[in-house]
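Raw data18.cif, mmCIF, C-alpha atoms:
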```
data_query
loop_
_atom_site.label_atom_id
_atom_site.label_comp_id
_atom_site.auth_asym_id
_atom_site.auth_seq_id
_atom_site.Cartn_x
_atom_site.Cartn_y
_atom_site.Cartn_z
CA MET A 25 17.14 -0.77 -7.48
CA GLN A 26 14.72 -1.78 -4.71
CA LEU A 27 13.69 1.86 -4.23
CA LYS A 28 12.99 2.02 -7.98
CA ARG A 29 10.62 -0.98 -7.67
CA PHE A 30 8.74 0.65 -4.80
CA ALA A 31 8.54 3.95 -6.67
CA TRP A 32 7.14 2.21 -9.78
CA SER A 33 4.55 0.36 -7.74
CA GLY A 34 3.57 3.47 -5.79
CA CYS A 35 3.21 5.53 -8.98
CA LEU A 36 0.99 2.85 -10.50
CA LEU A 37 -1.25 2.80 -7.43
CA LEU A 38 -1.46 6.57 -7.24
CA ALA A 39 -2.30 6.88 -10.93
CA LEU A 40 -5.06 4.29 -10.63
CA ALA A 41 -6.46 5.88 -7.48
CA LEU A 42 -6.53 9.36 -8.98
CA SER A 43 -7.90 8.26 -12.35
CA GLY A 44 -11.31 7.41 -10.89
CA CYS A 45 -12.07 4.09 -12.57
CA SER A 46 -15.27 4.30 -14.59
CA THR A 47 -16.74 1.06 -13.32
CA VAL A 48 -17.33 -0.20 -9.81
CA MET A 49 -14.75 -2.94 -10.31
CA GLN A 50 -12.02 -2.96 -12.89
CA GLU A 51 -9.30 -5.57 -13.40
CA VAL A 52 -6.26 -5.09 -15.59
CA HIS A 53 -4.47 -8.39 -16.19
CA GLU A 54 -1.55 -7.24 -18.31
CA ILE A 55 0.40 -4.00 -18.10
CA GLY A 56 3.35 -4.93 -20.26
CA ASN A 57 5.02 -7.24 -17.74
CA GLY A 58 2.29 -9.45 -16.31
CA THR A 59 1.15 -6.98 -13.64
CA LYS A 60 -2.28 -7.72 -12.20
CA VAL A 61 -4.18 -4.77 -10.81
CA THR A 62 -7.63 -4.68 -9.24
CA ALA A 63 -9.11 -1.23 -8.71
CA ASN A 64 -12.43 0.48 -8.15
CA SER A 65 -13.79 3.92 -7.50
CA THR A 66 -16.63 3.43 -5.04
CA ASP A 67 -17.00 0.03 -3.37
CA ASN A 68 -14.59 -1.92 -1.20
CA ILE A 69 -12.49 -4.60 -2.89
CA GLN A 70 -11.05 -7.59 -1.06
CA TRP A 71 -7.85 -7.28 0.92
CA PRO A 72 -5.18 -9.39 -0.84
CA ALA A 73 -5.35 -12.89 0.68
CA ASP A 74 -1.59 -13.41 0.96
CA PHE A 75 -0.69 -9.91 2.16
CA PRO A 76 1.65 -10.23 5.17
CA VAL A 77 -0.07 -7.45 7.17
CA PRO A 78 -3.73 -6.97 8.11
CA GLN A 79 -6.11 -4.49 6.56
CA TYR A 80 -6.42 -1.33 8.65
CA THR A 81 -9.54 -1.54 10.81
CA GLY A 82 -12.46 0.35 9.29
CA SER A 83 -10.67 1.13 6.02
CA ARG A 84 -11.85 0.38 2.51
CA VAL A 85 -9.47 -0.97 -0.11
CA THR A 86 -9.55 0.86 -3.43
CA VAL A 87 -6.55 -0.61 -5.27
CA ALA A 88 -4.57 -3.86 -5.06
CA ALA A 89 -1.65 -4.68 -7.36
CA ASP A 90 0.62 -7.71 -7.75
CA THR A 91 3.60 -7.90 -10.10
CA THR A 92 7.03 -9.47 -10.43
CA ILE A 93 9.94 -7.26 -11.39
CA GLU A 94 13.11 -9.23 -12.13
CA LYS A 95 13.35 -11.63 -9.15
CA THR A 96 11.20 -9.59 -6.78
CA ARG A 97 7.45 -9.84 -6.26
CA VAL A 98 5.87 -6.46 -5.48
CA ARG A 99 2.39 -6.35 -3.96
CA SER A 100 0.65 -3.10 -3.10
CA ALA A 101 -2.64 -2.07 -1.58
CA LEU A 102 -4.23 1.33 -1.23
CA GLN A 103 -6.70 1.87 1.59
CA VAL A 104 -8.79 4.86 2.59
CA THR A 105 -9.68 5.65 6.22
CA LYS A 106 -11.19 8.48 8.24
CA ASP A 107 -8.39 8.11 10.82
CA SER A 108 -5.38 10.42 10.82
CA PRO A 109 -2.16 9.54 8.98
CA GLU A 110 -0.33 9.41 12.32
CA ALA A 111 -2.85 6.99 13.88
CA SER A 112 -2.83 4.60 10.90
CA CYS A 113 0.97 4.63 10.61
CA LYS A 114 1.40 4.01 14.33
CA PHE A 115 -1.10 1.13 14.14
CA TYR A 116 1.19 -0.66 11.68
CA CYS A 117 4.35 0.17 13.67
CA ASP A 118 2.76 -1.41 16.74
CA TRP A 119 1.64 -4.41 14.66
CA PHE A 120 5.19 -4.82 13.25
CA GLY A 121 6.63 -4.84 16.78
CA LYS A 122 4.16 -7.47 18.00
CA ASN A 123 4.67 -9.75 15.00
CA GLY A 124 8.45 -10.09 14.67
CA TRP A 125 9.12 -7.41 12.05
CA THR A 126 12.20 -5.18 12.25
CA ILE A 127 11.35 -1.52 11.81
CA LYS A 128 13.89 -0.06 9.36
CA THR A 129 12.43 3.47 9.31
CA ALA A 130 10.68 4.63 12.46
CA ALA A 131 7.30 6.29 11.96
CA MET A 132 7.95 9.86 10.91
CA ASP A 133 5.99 12.93 9.94
CA ILE A 134 6.58 13.92 6.29
CA GLY A 135 4.44 17.05 6.31
CA VAL A 136 1.33 15.79 4.52
CA GLY A 137 1.39 12.42 6.24
CA TRP A 138 3.45 9.74 7.93
CA THR A 139 5.69 6.94 6.68
CA THR A 140 7.51 3.86 7.99
CA ALA A 141 9.29 0.76 6.69
CA ALA A 142 9.89 -2.74 8.09
CA GLU A 143 11.49 -6.07 7.18
CA LYS A 144 10.93 -9.71 8.03
CA GLY A 145 12.57 -12.61 6.22
CA ASN A 146 12.44 -11.91 2.48
CA ASP A 147 9.73 -9.24 2.85
CA THR A 148 10.27 -5.48 2.96
CA ILE A 149 7.28 -3.20 3.57
CA THR A 150 6.98 0.52 2.95
CA LEU A 151 3.93 2.32 4.24
CA THR A 152 2.81 5.88 3.55
CA ALA A 153 -0.28 7.47 5.09
CA MET A 154 -1.18 10.82 3.51
CA GLN A 155 -3.94 13.35 4.02
CA PRO A 156 -3.45 16.56 2.04
CA LYS A 157 -4.79 19.69 3.69
CA GLY A 158 -8.56 19.79 3.41
CA ALA A 159 -8.91 16.13 2.33
CA PRO A 160 -11.64 14.29 4.26
CA GLU A 161 -9.77 10.96 4.42
CA THR A 162 -6.32 9.48 4.77
CA THR A 163 -4.91 7.43 1.89
CA LEU A 164 -2.79 4.58 3.19
CA THR A 165 -0.47 2.91 0.66
CA ILE A 166 1.38 -0.30 1.57
CA SER A 167 3.94 -1.91 -0.74
CA VAL A 168 5.46 -5.32 -0.02
CA SER A 169 8.60 -6.41 -1.83
CA THR A 170 9.45 -10.12 -1.61
CA LYS A 171 12.79 -11.40 -2.89
CA LYS A 172 12.41 -14.76 -4.65
#
```
Spell out the structure here as structure tokens.
Amino acid sequence: MQLKRFAWSGCLLLALALSGCSTVMQEVHEIGNGTKVTANSTDNIQWPADFPVPQYTGSRVTVAADTTIEKTRVRSALQVTKDSPEASCKFYCDWFGKNGWTIKTAAMDIGVGWTTAAEKGNDTITLTAMQPKGAPETTLTISVSTKK
């Protein structure tokens, strides 16, 4: 069930990122279940204030989403960086280690990028850093699931 929540959140972020929002800033307050999404196509939006991990240095945030599914809050952020998928994934793995998180899935190469997962308290984080062949930037997607 938890994997289903992450998949839903990730699909939503990917769809918004690929759709190319028509305005510089677009907010969607209701997507059937109270989901709040902030997205844009060109300018940086603010890193979510209560996100449990820092924004990747030098990245720009293009999508942020916050929703509650059953008794779990799911927050996601999509960042874009010029750094490699490996470098950005390893940055977060190092940060997890220094800040009391338990790495559940060690950083691993998935062909078109890198992924990892960590837990701390009621929070579970999945992180995927992807850069398809020929793409100029890495897309870094972070989803945080918090059990209420």
Could I get the residues of range 62-148 of chain A with an atom no further than 9 Å from an atom of range 158-162 of chain A, each paired with its nearest atom pair and that distance in Å to one decimal, using all atoms listed in the file, sorted by chain and residue number, as CSV?
```
residue,atom,partner,partner_atom,distance
A:Gln103,CA,A:Thr162,CA,8.3
A:Val104,CA,A:Thr162,CA,5.7
A:Thr105,CA,A:Thr162,CA,5.3
A:Lys106,CA,A:Glu161,CA,4.8
A:Asp107,CA,A:Thr162,CA,6.5
A:Ser108,CA,A:Thr162,CA,6.2
A:Pro109,CA,A:Thr162,CA,5.9
A:Ser112,CA,A:Thr162,CA,8.6
A:Gly137,CA,A:Thr162,CA,8.4
```
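Here the PyMOL selection byres ((chain A and resi 81) around 10) catches exactly these residues: Pro78, Gln79, Tyr80, Gly82, Ser83, Arg84, Thr105, Asp107, Ser112 and Phe115 of chain A.
A straight line drawn from CA of Cys117 in chain A to CA of Lys144 in chain A is 13.1 Å long.
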- Find, counting only C-alpha atoms, the residue in A:Ala142, A:Cys113, A:Ile149, A:Ala101 that gets nearest to Ala88 in chain A. A:Ala101
- Separating CA of Asp133 in chain A from CA of Pro72 in chain A, to the nearest tenth of an Å, is a gap of 27.2 Å
- Message: Once the PyMOL selection byres ((chain A and resi 120-127) around 12) has been evaluated on this model, what residues remain selected, and can you format them as a list of chain:residue names?
- Response: A:Pro76, A:Val77, A:Pro78, A:Cys113, A:Lys114, A:Phe115, A:Tyr116, A:Cys117, A:Asp118, A:Trp119, A:Lys128, A:Thr129, A:Ala130, A:Ala131, A:Met132, A:Thr139, A:Thr140, A:Ala141, A:Ala142, A:Glu143, A:Lys144, A:Gly145, A:Asn146, A:Asp147, A:Thr148, A:Ile149, A:Thr150, A:Leu151
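Nearest residue to Val168 in chain A, choosing from A:Leu102, A:Val136, A:Ala111, A:Ala153 and counting all atoms listed in the file: A:Leu102.
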- Item | Straight-line distance linking CA of Ala73 in chain A with CA of Ala89 in chain A, stated in Å to one decimal |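 Taking CA of Ala73 in chain A as the start and CA of Ala89 in chain A as the end point, the length is 12.1 Å.
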- Which of these residues is nearest to Ser100 in chain A, using all atoms listed in the file: A:Ile166, A:Thr86, A:Pro156, A:Lys172? A:Ile166
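When all atoms listed in the file are used to measure the gap to Ile134 in chain A, the shortest distance among A:Val98, A:Leu164, A:Val85, A:Met154 belongs to A:Met154.
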